[in-house]
>>> print(open('data_7.cif').read())   # mmCIF, C-alpha atoms
data_protein
loop_
_atom_site.label_atom_id
_atom_site.label_comp_id
_atom_site.auth_asym_id
_atom_site.auth_seq_id
_atom_site.Cartn_x
_atom_site.Cartn_y
_atom_site.Cartn_z
CA MET A 1 67.79 95.62 32.46
CA LEU A 2 67.42 97.87 35.51
CA LYS A 3 71.06 97.20 36.41
CA MET A 4 72.18 98.15 32.88
CA LEU A 5 70.07 101.32 33.07
CA SER A 6 71.69 102.31 36.38
CA TYR A 7 75.13 101.96 34.74
CA VAL A 8 74.05 104.22 31.88
CA VAL A 9 72.64 106.83 34.28
CA ALA A 10 75.84 106.71 36.34
CA ALA A 11 77.97 107.13 33.22
CA ILE A 12 75.90 110.11 32.05
CA SER A 13 76.16 111.64 35.53
CA LEU A 14 79.94 111.20 35.59
CA THR A 15 80.26 112.72 32.11
CA SER A 16 78.19 115.70 33.22
CA GLN A 17 80.36 116.18 36.30
CA VAL A 18 83.51 116.14 34.18
CA ALA A 19 81.98 118.63 31.75
CA ILE A 20 80.98 120.94 34.60
CA ALA A 21 84.45 120.70 36.15
CA SER A 22 85.98 121.45 32.78
CA GLU A 23 83.74 124.48 32.32
CA GLN A 24 84.66 125.74 35.77
CA LYS A 25 88.40 125.73 35.09
CA LEU A 26 89.75 129.22 34.75
CA SER A 27 91.06 130.33 31.39
CA PHE A 28 94.79 131.05 31.29
CA ASN A 29 94.16 134.81 31.25
CA GLU A 30 91.82 134.52 34.23
CA TYR A 31 94.45 132.48 36.04
CA VAL A 32 97.07 135.14 35.35
CA GLN A 33 94.76 137.80 36.79
CA GLN A 34 94.28 135.64 39.87
CA LEU A 35 98.05 135.27 40.27
CA LYS A 36 98.52 139.02 39.96
CA THR A 37 95.92 139.64 42.65
CA GLU A 38 97.54 137.10 44.96
CA ALA A 39 100.99 138.61 44.40
CA ILE A 40 99.79 142.12 45.24
CA GLU A 41 98.03 140.77 48.34
CA LYS A 42 101.35 139.24 49.37
CA GLY A 43 102.90 142.68 49.28
CA TYR A 44 104.60 142.81 45.89
CA ALA A 45 104.50 146.22 44.24
CA LYS A 46 101.82 146.58 41.56
CA PRO A 47 104.26 148.01 38.94
CA LEU A 48 106.51 144.95 39.40
CA VAL A 49 103.58 142.55 39.16
CA ASP A 50 102.24 144.30 36.07
CA ALA A 51 105.67 144.19 34.43
CA ALA A 52 106.17 140.52 35.34
CA PHE A 53 102.94 139.36 33.71
CA LYS A 54 102.75 141.93 30.90
CA ASN A 55 103.86 139.58 28.15
CA VAL A 56 103.16 136.24 29.83
CA THR A 57 101.93 133.55 27.43
CA TYR A 58 100.78 129.96 27.70
CA ARG A 59 103.52 127.67 26.40
CA LYS A 60 102.26 124.36 25.05
CA LYS A 61 105.81 123.08 24.58
CA VAL A 62 106.50 123.65 28.28
CA VAL A 63 103.56 121.46 29.30
CA LYS A 64 104.58 118.82 26.78
CA ALA A 65 108.14 118.80 28.13
CA ASP A 66 106.84 118.47 31.68
CA LYS A 67 104.47 115.59 30.93
CA THR A 68 106.36 113.67 28.28
CA GLN A 69 108.68 111.02 29.65
CA PRO A 70 111.22 109.98 27.01
CA GLU A 71 111.28 106.30 26.23
CA PHE A 72 113.85 104.69 28.48
CA VAL A 73 116.19 102.89 26.15
CA GLN A 74 119.56 103.96 27.50
CA THR A 75 121.83 102.44 30.09
CA LEU A 76 124.78 104.06 31.80
CA ASP A 77 127.00 102.23 29.35
CA THR A 78 125.44 104.23 26.51
CA TYR A 79 124.56 107.39 28.46
CA LEU A 80 127.92 108.24 30.03
CA PRO A 81 129.94 108.27 26.78
CA LYS A 82 127.40 110.67 25.25
CA ARG A 83 127.33 113.13 28.15
CA VAL A 84 131.01 112.82 29.06
CA ASN A 85 132.87 112.49 25.79
CA ASN A 86 136.46 113.51 25.12
CA TYR A 87 135.40 117.00 24.03
CA VAL A 88 133.65 117.66 27.36
CA VAL A 89 136.52 116.18 29.37
CA ASN A 90 139.17 118.19 27.54
CA LYS A 91 137.19 121.42 27.71
CA ALA A 92 136.54 120.88 31.43
CA LYS A 93 140.26 120.42 32.05
CA LYS A 94 141.11 123.49 29.96
CA LEU A 95 138.59 125.76 31.69
CA ALA A 96 139.54 124.40 35.11
CA THR A 97 143.15 125.32 34.41
CA GLU A 98 142.23 128.77 33.09
CA ASN A 99 140.17 129.45 36.21
CA ARG A 100 142.52 127.68 38.63
CA GLU A 101 143.13 130.60 40.99
CA LEU A 102 139.44 131.54 41.20
CA LEU A 103 138.40 127.94 41.74
CA LYS A 104 141.02 127.52 44.48
CA ARG A 105 139.76 130.58 46.35
CA ILE A 106 136.20 129.33 46.13
CA SER A 107 137.21 125.80 47.08
CA ASP A 108 139.10 127.06 50.13
CA HIS A 109 136.18 129.26 51.16
CA TYR A 110 133.37 126.71 50.80
CA GLY A 111 135.16 123.41 51.19
CA VAL A 112 134.22 121.87 47.85
CA GLN A 113 136.73 120.37 45.42
CA PRO A 114 137.07 122.37 42.16
CA ARG A 115 136.52 119.33 39.96
CA PHE A 116 132.96 118.92 41.22
CA ILE A 117 132.19 122.60 40.69
CA VAL A 118 133.45 122.37 37.11
CA SER A 119 131.56 119.12 36.49
CA ILE A 120 128.23 120.60 37.52
CA TRP A 121 128.93 123.71 35.46
CA ALA A 122 129.69 121.50 32.46
CA LEU A 123 126.64 119.29 32.68
CA GLU A 124 124.05 121.87 33.76
CA SER A 125 124.72 124.50 31.10
CA SER A 126 127.61 123.26 28.93
CA PHE A 127 129.97 125.67 30.69
CA GLY A 128 127.41 128.48 30.52
CA LYS A 129 126.64 128.10 26.81
CA HIS A 130 123.09 126.74 27.20
CA GLN A 131 121.16 128.74 29.79
CA GLY A 132 117.69 128.63 28.22
CA LYS A 133 115.76 131.31 26.34
CA ILE A 134 112.21 130.92 27.65
CA PRO A 135 110.86 133.81 29.76
CA VAL A 136 110.85 132.44 33.30
CA ILE A 137 107.49 133.91 34.31
CA SER A 138 105.80 132.42 31.23
CA ALA A 139 107.30 128.98 31.90
CA LEU A 140 106.40 129.00 35.59
CA THR A 141 102.91 130.39 35.05
CA THR A 142 102.20 127.79 32.37
CA LEU A 143 103.29 124.98 34.68
CA ALA A 144 101.35 126.38 37.63
CA TYR A 145 98.22 126.70 35.48
CA ASP A 146 98.64 123.14 34.25
CA GLY A 147 98.14 122.17 37.88
CA ARG A 148 100.25 119.04 38.31
CA ARG A 149 102.62 120.80 40.71
CA GLU A 150 100.89 124.14 41.09
CA ALA A 151 102.13 124.94 44.61
CA LEU A 152 105.76 124.33 43.60
CA PHE A 153 105.63 126.57 40.55
CA LYS A 154 103.68 129.34 42.29
CA LYS A 155 106.37 129.37 44.96
CA ASN A 156 108.94 129.84 42.21
CA ILE A 157 106.92 132.65 40.63
CA TYR A 158 107.07 134.56 43.90
CA ALA A 159 110.78 133.78 44.19
CA ALA A 160 111.28 135.24 40.70
CA LEU A 161 109.55 138.42 41.89
CA ASP A 162 111.90 138.44 44.89
CA ILE A 163 114.91 138.13 42.57
CA ALA A 164 113.74 141.06 40.46
CA THR A 165 113.34 143.11 43.63
CA SER A 166 116.49 142.15 45.53
CA GLU A 167 118.83 141.98 42.54
CA LYS A 168 117.35 144.96 40.69
CA ILE A 169 116.99 142.81 37.58
CA ASN A 170 114.37 143.59 34.95
CA ILE A 171 112.04 140.65 35.41
CA GLN A 172 111.53 140.46 31.64
CA ASP A 173 115.24 139.61 31.39
CA LEU A 174 114.82 136.46 33.49
CA LYS A 175 115.01 133.61 30.99
CA GLY A 176 115.72 129.92 31.43
CA SER A 177 114.76 126.35 30.63
CA TRP A 178 111.22 125.08 30.04
CA ALA A 179 110.97 124.40 33.79
CA GLY A 180 112.15 127.87 34.80
CA ALA A 181 115.74 126.93 35.70
CA MET A 182 118.09 129.87 35.18
CA GLY A 183 121.66 130.81 34.44
CA GLN A 184 124.87 128.84 34.21
CA THR A 185 123.90 126.96 37.37
CA GLN A 186 120.37 126.23 36.15
CA PHE A 187 118.90 127.22 39.51
CA MET A 188 115.16 127.41 39.95
CA PRO A 189 114.21 130.80 41.44
CA THR A 190 113.77 129.25 44.90
CA SER A 191 117.23 127.71 44.67
CA TYR A 192 118.63 131.05 43.58
CA MET A 193 117.18 132.70 46.68
CA ALA A 194 118.59 129.94 48.90
CA TYR A 195 122.05 129.40 47.44
CA ALA A 196 123.17 132.10 44.98
CA GLN A 197 126.29 134.03 45.98
CA ASP A 198 127.90 137.37 45.17
CA PHE A 199 131.51 136.21 45.26
CA ASP A 200 132.92 138.96 43.06
CA GLY A 201 131.49 141.60 45.41
CA ASP A 202 129.72 143.74 42.82
CA GLY A 203 126.46 143.74 44.74
CA ARG A 204 124.67 141.22 42.49
CA LYS A 205 124.36 137.45 42.59
CA ASP A 206 124.95 137.05 38.89
CA ILE A 207 124.61 133.39 37.91
CA TRP A 208 124.23 134.46 34.26
CA ARG A 209 127.50 136.26 33.54
CA SER A 210 129.89 136.17 36.53
CA LYS A 211 132.00 133.01 36.73
CA ALA A 212 132.94 133.92 40.30
CA ASP A 213 129.28 134.00 41.29
CA VAL A 214 128.49 130.87 39.26
CA PHE A 215 131.26 128.79 40.85
CA ALA A 216 130.55 130.13 44.35
CA SER A 217 126.82 129.48 44.00
CA ILE A 218 127.44 125.86 42.99
CA ALA A 219 129.89 125.41 45.87
CA ASN A 220 127.55 127.07 48.34
CA TYR A 221 124.71 124.76 47.33
CA LEU A 222 126.84 121.65 47.82
CA LYS A 223 128.30 122.83 51.13
CA THR A 224 124.92 123.93 52.49
CA GLU A 225 123.48 120.50 51.69
CA GLY A 226 126.25 118.62 53.50
CA TRP A 227 129.25 118.28 51.19
CA ASP A 228 132.42 116.88 52.80
CA ASN A 229 135.57 117.72 50.85
CA SER A 230 137.51 115.00 52.67
CA LEU A 231 135.49 112.47 50.68
CA THR A 232 134.86 111.79 47.03
CA TRP A 233 131.48 110.73 45.62
CA GLY A 234 131.76 106.96 45.20
CA ARG A 235 133.25 104.27 42.98
CA GLN A 236 132.16 101.62 40.54
CA VAL A 237 132.62 98.11 41.93
CA LYS A 238 132.60 94.47 40.89
CA LEU A 239 130.23 92.08 42.64
CA PRO A 240 130.84 88.46 43.56
CA LYS A 241 128.71 85.72 42.03
CA GLU A 242 125.41 84.98 43.80
CA PHE A 243 125.43 88.39 45.45
CA ASP A 244 122.49 89.07 47.79
CA MET A 245 120.67 92.10 46.34
CA ALA A 246 119.10 92.82 49.74
CA HIS A 247 122.34 94.67 50.53
CA ALA A 248 121.60 97.33 47.87
CA ILE A 249 119.25 100.29 48.02
CA PRO A 250 116.18 99.00 46.15
CA ARG A 251 115.12 100.79 42.99
CA GLY A 252 111.88 102.73 42.78
CA THR A 253 111.93 104.63 46.07
CA LYS A 254 109.10 107.18 45.91
CA SER A 255 110.65 110.07 47.79
CA ARG A 256 113.98 111.40 48.99
CA LYS A 257 112.97 110.55 52.55
CA ASP A 258 112.27 106.94 51.58
CA TRP A 259 115.56 106.76 49.66
CA LEU A 260 117.55 108.08 52.63
CA GLU A 261 115.85 105.57 54.94
CA LYS A 262 116.82 102.74 52.61
CA TRP A 263 120.37 104.13 52.53
CA SER A 264 120.67 104.14 56.32
CA LYS A 265 119.37 100.57 56.55
CA THR A 266 121.79 99.16 53.98
CA GLU A 267 125.02 101.17 54.34
CA LEU A 268 128.16 99.37 55.49
CA THR A 269 131.81 100.30 55.95
CA LEU A 270 134.28 99.59 53.15
CA PRO A 271 135.87 96.72 55.12
CA GLN A 272 132.40 95.19 55.53
CA TRP A 273 131.76 95.49 51.80
CA ASN A 274 135.14 93.81 51.26
CA GLU A 275 133.98 90.90 53.40
CA LEU A 276 130.89 90.57 51.20
CA GLY A 277 133.16 90.15 48.19
CA LEU A 278 132.93 93.55 46.53
CA ARG A 279 136.09 94.63 44.71
CA ARG A 280 137.46 97.59 42.79
CA MET A 281 137.07 97.40 39.02
CA ASN A 282 140.70 96.24 38.73
CA GLY A 283 139.93 93.34 41.04
CA LYS A 284 141.80 94.69 44.07
CA PRO A 285 140.21 94.97 47.53
CA LEU A 286 138.42 98.16 48.49
CA PRO A 287 140.36 100.72 50.57
CA ASN A 288 140.75 99.67 54.20
CA ARG A 289 139.06 102.79 55.55
CA GLU A 290 136.14 103.09 57.94
CA ILE A 291 134.05 105.00 55.42
CA LYS A 292 130.37 104.13 55.21
CA ALA A 293 128.94 103.52 51.76
CA ALA A 294 125.69 102.37 50.21
CA LEU A 295 125.28 100.24 47.09
CA VAL A 296 123.18 101.33 44.11
CA PHE A 297 122.38 100.05 40.65
CA PRO A 298 121.44 102.97 38.38
CA ASP A 299 120.05 100.51 35.83
CA ASP A 300 119.37 97.06 37.27
CA LYS A 301 121.25 94.19 38.88
CA ASN A 302 122.85 93.33 35.53
CA GLY A 303 124.13 96.88 35.03
CA ARG A 304 126.83 98.92 36.70
CA ALA A 305 127.11 98.80 40.49
CA TYR A 306 128.36 101.72 42.59
CA LEU A 307 129.37 102.14 46.19
CA ILE A 308 128.38 105.69 47.02
CA TYR A 309 129.49 107.95 49.87
CA ASP A 310 127.64 110.72 51.70
CA ASN A 311 128.54 113.32 49.07
CA TYR A 312 126.35 111.38 46.65
CA LYS A 313 123.38 112.34 48.84
CA THR A 314 124.18 115.98 48.13
CA LEU A 315 124.34 115.38 44.37
CA MET A 316 120.99 113.61 44.59
CA HIS A 317 119.60 116.61 46.46
CA TRP A 318 120.56 118.77 43.48
CA ASN A 319 118.83 116.35 41.10
CA ARG A 320 117.31 113.10 42.35
CA SER A 321 118.57 111.04 39.44
CA TYR A 322 121.14 108.26 39.59
CA TYR A 323 122.20 109.19 36.07
CA PHE A 324 122.78 112.83 37.01
CA ALA A 325 124.68 112.15 40.24
CA THR A 326 126.78 109.38 38.72
CA THR A 327 127.60 111.45 35.63
CA ILE A 328 128.79 114.34 37.79
CA GLY A 329 131.06 111.99 39.72
CA TYR A 330 132.26 110.27 36.57
CA LEU A 331 133.25 113.56 34.92
CA ALA A 332 134.91 114.79 38.12
CA ASP A 333 137.04 111.63 38.12
CA ARG A 334 137.88 112.01 34.44
CA ILE A 335 139.22 115.54 34.91
CA LYS A 336 140.88 115.00 38.29
CA ASN A 337 144.34 114.21 36.98
CA GLY A 338 144.29 116.82 34.24
CA MET A 339 143.60 119.88 36.38
CA HIS A 340 146.75 121.96 36.75
#
>>> encode(input="data_7.cif", output="structure tokens")
Amino acid sequence: MLKMLSYVVAAISLTSQVAIASEQKLSFNEYVQQLKTEAIEKGYAKPLVDAAFKNVTYRKKVVKADKTQPEFVQTLDTYLPKRVNNYVVNKAKKLATENRELLKRISDHYGVQPRFIVSIWALESSFGKHQGKIPVISALTTLAYDGRREALFKKNIYAALDIATSEKINIQDLKGSWAGAMGQTQFMPTSYMAYAQDFDGDGRKDIWRSKADVFASIANYLKTEGWDNSLTWGRQVKLPKEFDMAHAIPRGTKSRKDWLEKWSKTELTLPQWNELGLRRMNGKPLPNREIKAALVFPDDKNGRAYLIYDNYKTLMHWNRSYYFATTIGYLADRIKNGMH
């Protein structure tokens, strides 16, 4: 009886602690005031801070989008045809041809193949058509207040203030996705500050309206993060029967650092993969080149297998998703022969 009573007392105590913690949480408006104070203490001008948070609102849909994980029912076999259909491929080829001279200048300057620039442009914003309409400060403040990744989103709030200052952009005009990603490149504000370029020379890094700046910003990101234009991204391969899965990067790595460590422990040269029985999809041996590659399975061991090269690391830095990186490479391959 005494033991049962102690459980009840403990439960009541825990409930009380939770209630107290809940009561102590700042309201959204209080949190906004706190952010404004912090921003001014960091040296941002009060008129800018006041303008940034003037119409800020809590966005329930933003929190829902951040927390809700869609049911995983797709495989690459169903995903790729949806994201890279004939319409996307043909439009990518058409726009690549229309912008051939600009893309060549940017490619020569940054050392990134045009087809990868166009592929990212296509998949991030549908060639600039879908840039997002949510006020960036509202999205970022909502996510910071929610608390799951507060430090990350506060950092992006300050970066948005920096953009408004350095680019002389009305901060109320900064709009983007639910997560605060902006423009045709879908850069977070911190990525904008790190990678955005003014390639057309008009004094602004305009990832919203200037194709020159959009293409150059994408290329600059890739090059800065290690892109090698002497390589492609990877290739789908066939495996021999009874293949030892210990040779592949295991699924479920918790961080980029962990993933890169697994890569370095499992990578082999193409001739070495040949010796293990891997083949091109047409059954022919892999190229006899001393290129190192790692093996990944975006789905599972029964799904598609890919040998991936160092450029894949850069695509995974942009978005640490096998589906994203593989789709970019897949589209780049689809449009390669149709770019004139």
>>> axis_aligned_box(input="data_7.cif", around="stretch 216-231 of chain A", padding_each_side="8 Å", output="AutoDock Vina command-line options")
--center_x 130.5 --center_y 121.3 --center_z 48.2 --size_x 30.0 --size_y 33.7 --size_z 26.5
>>> residues_around(input="data_7.cif", residues="A:Val62", least_positions_apart="4", cutoff="8 Å", atoms="all atoms listed in the file", output="list of chain:residue names")
A:Asp66, A:Ala139, A:Thr142, A:Leu143, A:Trp178, A:Ala179
>>> resolve_selection(input="data_7.cif", expression="the PyMOL selection byres ((chain A and resi 309) around 9)", output="list in words")
Leu231, Thr232, Trp233, Gly234, Arg235, Ile291, Lys292, Ala293, Ala294, Leu307, Ile308, Asp310, Asn311, Tyr312 and Lys313 of chain A
>>> residues_around(input="data_7.cif", residues="stretch 249-262 of chain A", least_positions_apart="6", cutoff="12 Å", atoms="only C-alpha atoms", output="ChimeraX atom specification")
/A:268,293-301,305-308,310,312-314,316-322
>>> closest_atom_pairs(input="data_7.cif", of="stretch 79-172 of chain A", to="stretch 23-36 of chain A", cutoff="10 Å", atoms="all atoms listed in the file", output="Markdown table")
| residue | atom | partner | partner_atom | distance |
| --- | --- | --- | --- | --- |
| A:Thr141 | CA | A:Val32 | CA | 7.5 |
| A:Thr142 | CA | A:Phe28 | CA | 8.2 |
| A:Ala144 | CA | A:Tyr31 | CA | 9.3 |
| A:Tyr145 | CA | A:Tyr31 | CA | 6.9 |
| A:Asp146 | CA | A:Phe28 | CA | 9.3 |
| A:Lys154 | CA | A:Leu35 | CA | 8.4 |
| A:Ile157 | CA | A:Leu35 | CA | 9.3 |
| A:Tyr158 | CA | A:Leu35 | CA | 9.7 |
>>> atom_distance(input="data_7.cif", atom1="atom CA of A:Asp173", atom2="atom CA of A:Asn156")
15.9 Å
>>> closest_residue(input="data_7.cif", among="A:Leu276, A:Leu239, A:Met188, A:Ile117", to="A:Arg100", atoms="all atoms listed in the file")
A:Ile117
>>> residues_around(input="data_7.cif", residues="stretch 159-168 of chain A", least_positions_apart="3", cutoff="6 Å", atoms="only C-alpha atoms", output="compact mmCIF listing (two decimals) with C-alpha atoms, keeping the file's coordinate frame")
# COMPACT_ATOMS: atom_id res chain seq x y z
CA ASN A 156 108.94 129.84 42.21
CA ILE A 171 112.04 140.65 35.41
CA PRO A 189 114.21 130.80 41.44
CA THR A 190 113.77 129.25 44.90
CA ARG A 204 124.67 141.22 42.49
>>> decode(input="data_7.cif", residues="stretch 246-264 of chain A", atoms="C-alpha atoms", output="PDB file, in the first residue's frame")
ATOM      1  CA  ALA A 246      29.160  -4.984 -45.430  1.00  0.00           C
ATOM      2  CA  HIS A 247      30.671  -3.282 -48.487  1.00  0.00           C
ATOM      3  CA  ALA A 248      27.860  -0.684 -48.573  1.00  0.00           C
ATOM      4  CA  ILE A 249      27.380   2.404 -46.434  1.00  0.00           C
ATOM      5  CA  PRO A 250      24.856   1.223 -43.826  1.00  0.00           C
ATOM      6  CA  ARG A 251      21.497   2.961 -43.665  1.00  0.00           C
ATOM      7  CA  GLY A 252      20.474   5.059 -40.694  1.00  0.00           C
ATOM      8  CA  THR A 253      23.637   7.072 -40.069  1.00  0.00           C
ATOM      9  CA  LYS A 254      22.755   9.757 -37.520  1.00  0.00           C
ATOM     10  CA  SER A 255      24.896  12.628 -38.751  1.00  0.00           C
ATOM     11  CA  ARG A 256      26.834  13.817 -41.766  1.00  0.00           C
ATOM     12  CA  LYS A 257      30.064  13.136 -39.885  1.00  0.00           C
ATOM     13  CA  ASP A 258      29.022   9.543 -39.224  1.00  0.00           C
ATOM     14  CA  TRP A 259      27.954   9.117 -42.859  1.00  0.00           C
ATOM     15  CA  LEU A 260      31.291  10.426 -44.157  1.00  0.00           C
ATOM     16  CA  GLU A 261      33.174   8.100 -41.813  1.00  0.00           C
ATOM     17  CA  LYS A 262      31.207   5.138 -43.135  1.00  0.00           C
ATOM     18  CA  TRP A 263      31.944   6.336 -46.675  1.00  0.00           C
ATOM     19  CA  SER A 264      35.703   6.454 -46.064  1.00  0.00           C
TER      20      SER A 264
END
